[in-house]
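Enquirer: One structure coming up, written as structure tokens, with questions to follow.
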Amino acid sequence: MIWLTWRQHRQQALFTALALAALAALMVPTGLHMRGVFDDSGLASCLDKAGTAPLVPQGTDTCDALRDQFVSPFGGTMLLAILFVLLPLLVGLFFGAPLVAREIESGTHRMVWTQGVSRRQWVLAKTGLLGTAALLLAVVYALGVTWWFAPMAASSTGRLAYGYFDVQGIVPIGYTLFALALGVFAGTVCRKVLPAMAVTLGGFTVVRLGIELLARPHYLPGKTLSYGVQSTEGYNPASGVWASSTGVYDAGGKLVSNGFVGCSPGSAGDACVQEMGGPDSYNQLVYQPGDRFWIFQGIETGIFLALTALLLYLTIRRIRRIA
């Protein structure tokens, strides 16, 4: 079975290896360049001084100018980051979906299942081999992208922010295995390659967006921070916290304005205070601390691994019903 699976997928494996080599040739020099600029520009030391506290005294340098200066020449890297978000899906489309569907569509499954190999052994052997290859691919990809993208994440709103969280740490491993298992399961349902690929695309997109937008913000209760509109402290955008909501509220707790407002002393400041609801109005920040990155990574990876196991179980059950 191992030799047969390799024969069937060696062309895909070759294309994947070439694609990884091309990505590495692009990532290594750009990553080294980004890290050099990140350190030489003074941004790294500035972020260290700004710290990770959500509030800092007014007038503290939060590195806004340096961050803008750093991000500007590397804006194109965000387009490459989008490709990294899609890589797990490509594994499901081009490795998972054809795994069973191509055999059934061409009718070759009948010959395999009459050669002394049970259906369960057949699907477990093929899925296990491709799953191992996908796991190794995902580990290399996750380590490489985490290293490459670290300066961009540090210069932005932090590693927990949308887009940055999804391509770093260990979650790409969970996404990749889930996409593969979804593709295999879709093949047992559709029994044709193109419909199986369409189901994989739709299913992966719905699950990924659903968990990202609906579940992830609630993995742990957010922390709430409030301070007056004339406070001597202000929000630290370099803190790396993930802000889920920000706003200005009056003394009765009614939302007056979105975002943060700082009213300066003097007559202009008094007018600002009245506009924001009076002297008891306050800014409120609901956020996830940046040090929860690995906790959130573990939770989300666990969710996708559980979904992978469920899809594998359903695949085995579906295989039994195929004539």
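Ordered as shown in the structure tokens, chains take letters A, B, and onward, while each chain numbers its residues from 1 and ligands are numbered from 1 in the order shown.
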Please, which residues of range 2-208 of chain A, numbered as in this document, come out alpha helix (DSSP H) from DSSP, as JSON, numbers by chain?

Expert: {"A": [2, 3, 4, 5, 6, 7, 8, 9, 10, 11, 12, 13, 14, 15, 16, 17, 18, 19, 20, 21, 22, 23, 24, 25, 26, 27, 28, 29, 30, 31, 32, 33, 34, 35, 36, 37, 38, 39, 40, 43, 44, 45, 46, 47, 48, 49, 50, 64, 65, 66, 67, 68, 69, 70, 71, 77, 78, 79, 80, 81, 82, 83, 84, 85, 86, 87, 88, 89, 90, 91, 97, 98, 99, 100, 101, 102, 103, 104, 105, 106, 109, 110, 111, 112, 119, 120, 121, 122, 123, 124, 125, 126, 127, 128, 129, 130, 131, 132, 133, 134, 135, 136, 137, 138, 139, 140, 141, 142, 143, 144, 145, 146, 147, 148, 149, 150, 151, 152, 153, 154, 155, 171, 172, 173, 174, 175, 176, 177, 178, 179, 180, 181, 182, 183, 184, 185, 186, 187, 188, 189, 190, 193, 194, 195, 196, 197, 198, 199, 200, 201, 202, 203, 204, 205, 206, 207, 208]}

Enquirer: Could you list, as an mmCIF file with C-alpha atoms, in the first residue's frame, every residue within 12 Å of Thr232 in chain A, counting only C-alpha atoms and ignoring same-chain residues fewer than 3 positions away?

Expert:
data_model
loop_
_atom_site.group_PDB
_atom_site.id
_atom_site.type_symbol
_atom_site.label_atom_id
_atom_site.label_comp_id
_atom_site.auth_asym_id
_atom_site.auth_seq_id
_atom_site.Cartn_x
_atom_site.Cartn_y
_atom_site.Cartn_z
ATOM 1 C CA LEU A 55 -1.931 51.808 29.381
ATOM 2 C CA VAL A 56 1.100 54.092 29.447
ATOM 3 C CA PRO A 57 1.577 57.702 30.598
ATOM 4 C CA GLN A 58 0.483 60.311 28.068
ATOM 5 C CA GLY A 59 3.397 61.369 25.891
ATOM 6 C CA THR A 60 5.092 57.951 25.973
ATOM 7 C CA TYR A 227 -9.779 55.178 32.243
ATOM 8 C CA GLY A 228 -11.161 58.716 32.173
ATOM 9 C CA VAL A 229 -11.226 60.846 29.059
ATOM 10 C CA TYR A 235 -3.759 53.306 25.229
ATOM 11 C CA GLY A 262 -8.292 61.948 25.156
ATOM 12 C CA CYS A 263 -9.447 65.420 26.214
ATOM 13 C CA SER A 264 -6.660 67.899 26.944
ATOM 14 C CA PRO A 265 -6.799 70.377 29.864
#

Enquirer: DSSP on the backbone: what in range 111-291 of chain A comes out strand (DSSP E or B), as a list in words?

Expert: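 Those residues are Lys223, Thr224, Leu225, Ser226, Tyr227, Gly228, Glu233, Gly234, Tyr235, Trp242, Ala243, Ser244, Ser245, Thr246, Gly247, Val248, Tyr249, Leu255, Val256, Ser257, Asn258, Tyr282, Asn283, Gln284, Leu285, Val286, Tyr287 and Gln288 of chain A.
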
Enquirer: Hey, what's within 12 Å of range 19-23 of chain A if we count only C-alpha atoms and toss same-chain stuff fewer than 4 positions away? As a list in words, please?

Expert: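 Non-adjacent residues within range: Gln12, Ala13, Leu14, Phe15, Met27, Val28, Pro29, Thr30, Gly31, Leu80, Ala81, Leu83, Phe84, Leu87, Leu90, Leu137, Ala138, Val140, Tyr141, Gly144, Val145 and Trp148 of chain A.
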
Enquirer: List as a VMD selection string the protein and nucleic acid residues near Gly259 in chain A, meaning an atom at most 7 Å away when only C-alpha atoms are counted, but skip any in the same chain fewer than 4 places from it.

Expert: chain A and resid 246 to 248

Enquirer: List the spatial neighbours of range 160-163 of chain A as a list in words - criterion: any atom at most 7 Å away, only C-alpha atoms, same-chain residues fewer than 2 positions off excluded.

Expert: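 Skipping anything fewer than 2 positions along the chain leaves Thr157, Gly158, Phe165, Asp166, Val167, Trp242, Gly290 and Phe293 of chain A.
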
Enquirer: Could you dump the residues just selected with N, CA and C atoms as a PDB file, in the first residue's frame?

Expert:
ATOM      1  N   THR A 157      -0.432  45.088  15.409  1.00  0.00           N
ATOM      2  CA  THR A 157      -1.238  45.055  16.631  1.00  0.00           C
ATOM      3  C   THR A 157      -1.014  43.784  17.436  1.00  0.00           C
ATOM      4  N   GLY A 158      -0.021  42.980  17.079  1.00  0.00           N
ATOM      5  CA  GLY A 158       0.304  41.809  17.881  1.00  0.00           C
ATOM      6  C   GLY A 158      -0.035  40.496  17.214  1.00  0.00           C
ATOM      7  N   PHE A 165      -2.282  35.734  13.628  1.00  0.00           N
ATOM      8  CA  PHE A 165      -2.465  34.522  14.429  1.00  0.00           C
ATOM      9  C   PHE A 165      -2.524  33.278  13.550  1.00  0.00           C
ATOM     10  N   ASP A 166      -3.135  33.403  12.361  1.00  0.00           N
ATOM     11  CA  ASP A 166      -3.459  32.244  11.531  1.00  0.00           C
ATOM     12  C   ASP A 166      -2.274  31.631  10.804  1.00  0.00           C
ATOM     13  N   VAL A 167      -1.161  32.337  10.736  1.00  0.00           N
ATOM     14  CA  VAL A 167      -0.014  31.809   9.988  1.00  0.00           C
ATOM     15  C   VAL A 167       1.194  31.559  10.883  1.00  0.00           C
ATOM     16  N   TRP A 242      -4.951  42.148  22.022  1.00  0.00           N
ATOM     17  CA  TRP A 242      -5.973  42.011  20.974  1.00  0.00           C
ATOM     18  C   TRP A 242      -7.238  42.677  21.479  1.00  0.00           C
ATOM     19  N   GLY A 290      -1.637  39.852  25.151  1.00  0.00           N
ATOM     20  CA  GLY A 290      -0.774  39.219  24.161  1.00  0.00           C
ATOM     21  C   GLY A 290      -0.132  37.936  24.643  1.00  0.00           C
ATOM     22  N   PHE A 293      -1.249  34.191  23.654  1.00  0.00           N
ATOM     23  CA  PHE A 293      -1.073  33.688  22.282  1.00  0.00           C
ATOM     24  C   PHE A 293      -0.993  32.174  22.246  1.00  0.00           C
TER      25      PHE A 293
END

Enquirer: Could you check which of A:Leu135, A:Val241, A:Leu314, A:Ile319 is closest to Arg292 in chain A, using only C-alpha atoms?

Expert: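 Nearest candidate to Arg292 in chain A out of A:Leu135, A:Val241, A:Leu314, A:Ile319: A:Val241.
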
Enquirer: Find the residue from A:Lys49, A:Arg191, A:Arg320, A:Arg208 that sits nearest to Val171 in chain A; use only C-alpha atoms when measuring.

Expert: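 For Val171 in chain A, the nearest of the given residues is A:Arg208.
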
Enquirer: Residues near range 209-223 of chain A, anyone? I mean within 8 Å using only C-alpha atoms, not counting same-chain ones fewer than 2 positions away, as a list in words.

Expert: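 Listed by chain and then number, they are Thr205, Val206, Val207, Leu225, Ser244, Val286, Tyr287, Gln288, Pro289, Phe296, Ile299 and Glu300 of chain A.
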
Enquirer: Would you export the selected residues with N, CA and C atoms as a short mmCIF file (atom, residue, chain, number, x, y, z; two decimals), in the first residue's frame, please?

Expert:
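Below is the file that was written, part_26.cif:
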data_model
loop_
_atom_site.label_atom_id
_atom_site.label_comp_id
_atom_site.auth_asym_id
_atom_site.auth_seq_id
_atom_site.Cartn_x
_atom_site.Cartn_y
_atom_site.Cartn_z
N THR A 205 -13.71 26.82 4.21
CA THR A 205 -13.92 28.26 4.37
C THR A 205 -14.92 28.56 5.48
N VAL A 206 -16.03 27.83 5.48
CA VAL A 206 -17.07 28.07 6.49
C VAL A 206 -16.56 27.76 7.90
N VAL A 207 -15.90 26.62 8.06
CA VAL A 207 -15.41 26.25 9.38
C VAL A 207 -14.31 27.20 9.86
N LEU A 225 -10.62 47.19 30.73
CA LEU A 225 -9.80 48.27 31.27
C LEU A 225 -10.50 49.60 31.00
N SER A 244 -10.90 43.64 21.48
CA SER A 244 -12.15 43.16 20.88
C SER A 244 -13.19 44.27 20.80
N VAL A 286 -11.92 46.36 26.00
CA VAL A 286 -12.06 44.94 26.27
C VAL A 286 -11.04 44.23 25.39
N TYR A 287 -10.17 43.43 26.00
CA TYR A 287 -9.03 42.90 25.24
C TYR A 287 -8.59 41.54 25.75
N GLN A 288 -7.81 40.86 24.90
CA GLN A 288 -7.11 39.63 25.26
C GLN A 288 -5.63 39.98 25.35
N PRO A 289 -4.98 39.70 26.49
CA PRO A 289 -3.55 40.02 26.61
C PRO A 289 -2.71 39.25 25.59
N PHE A 296 -4.29 30.34 23.23
CA PHE A 296 -5.25 30.38 22.13
C PHE A 296 -4.81 29.44 21.00
N ILE A 299 -5.74 25.91 22.07
CA ILE A 299 -7.19 25.68 22.02
C ILE A 299 -7.64 25.48 20.58
N GLU A 300 -7.23 26.37 19.70
CA GLU A 300 -7.70 26.29 18.32
C GLU A 300 -7.13 25.06 17.60
#

Enquirer: Show me, as a VMD selection string, the residues that have an atom within 8 Å of Thr62 in chain A when counting only C-alpha atoms, minus same-chain residues fewer than 4 positions from it.

Expert: chain A and resid 46 to 47 50 236 to 238

Enquirer: Of the residues A:Val71, A:Val139, A:Val85, A:Ala179, which is the one nearest to Phe38 in chain A, using only C-alpha atoms?

Expert: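 Result for the nearest residue to Phe38 in chain A: A:Val71.
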
Enquirer: Once you count only C-alpha atoms, what closest atom pair and distance in Å to one decimal does each residue of range 99-179 of chain A within 9 Å of range 194-204 of chain A have, with rows by chain and rising residue number, as a Markdown table?

Expert:
| residue | atom | partner | partner_atom | distance |
| --- | --- | --- | --- | --- |
| A:Ala101 | CA | A:Ala196 | CA | 7.1 |
| A:Tyr175 | CA | A:Phe204 | CA | 8.8 |
| A:Phe178 | CA | A:Phe204 | CA | 8.2 |
| A:Ala179 | CA | A:Phe204 | CA | 6.5 |

Enquirer: Write the selection just made, keeping C-alpha atoms, as a PDB file, in the first residue's frame?

Expert:
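What ended up in selection.pdb:
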ATOM      1  CA  ALA A 101     -12.898  10.307  -5.143  1.00  0.00           C
ATOM      2  CA  TYR A 175      -5.621  23.600   9.676  1.00  0.00           C
ATOM      3  CA  PHE A 178      -8.277  19.225   9.006  1.00  0.00           C
ATOM      4  CA  ALA A 179      -8.216  20.256   5.331  1.00  0.00           C
TER       5      ALA A 179
END

Enquirer: Please measure the separation of CA of Trp147 in chain A and CA of Ile82 in chain A, giving the value in Å to one decimal.

Expert: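 Rounded to one decimal, the two atoms are 16.2 Å apart.
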
Enquirer: Enter the distance from CA of Val37 in chain A to CA of Leu66 in chain A, in Å, rounded to one decimal.

Expert: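 Computing the Euclidean distance for CA of Val37 in chain A and CA of Leu66 in chain A yields 10.8 Å.
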
Enquirer: What gap, in Å, lies between CA of Thr301 in chain A and CA of Gly174 in chain A?

Expert: 4.9 Å
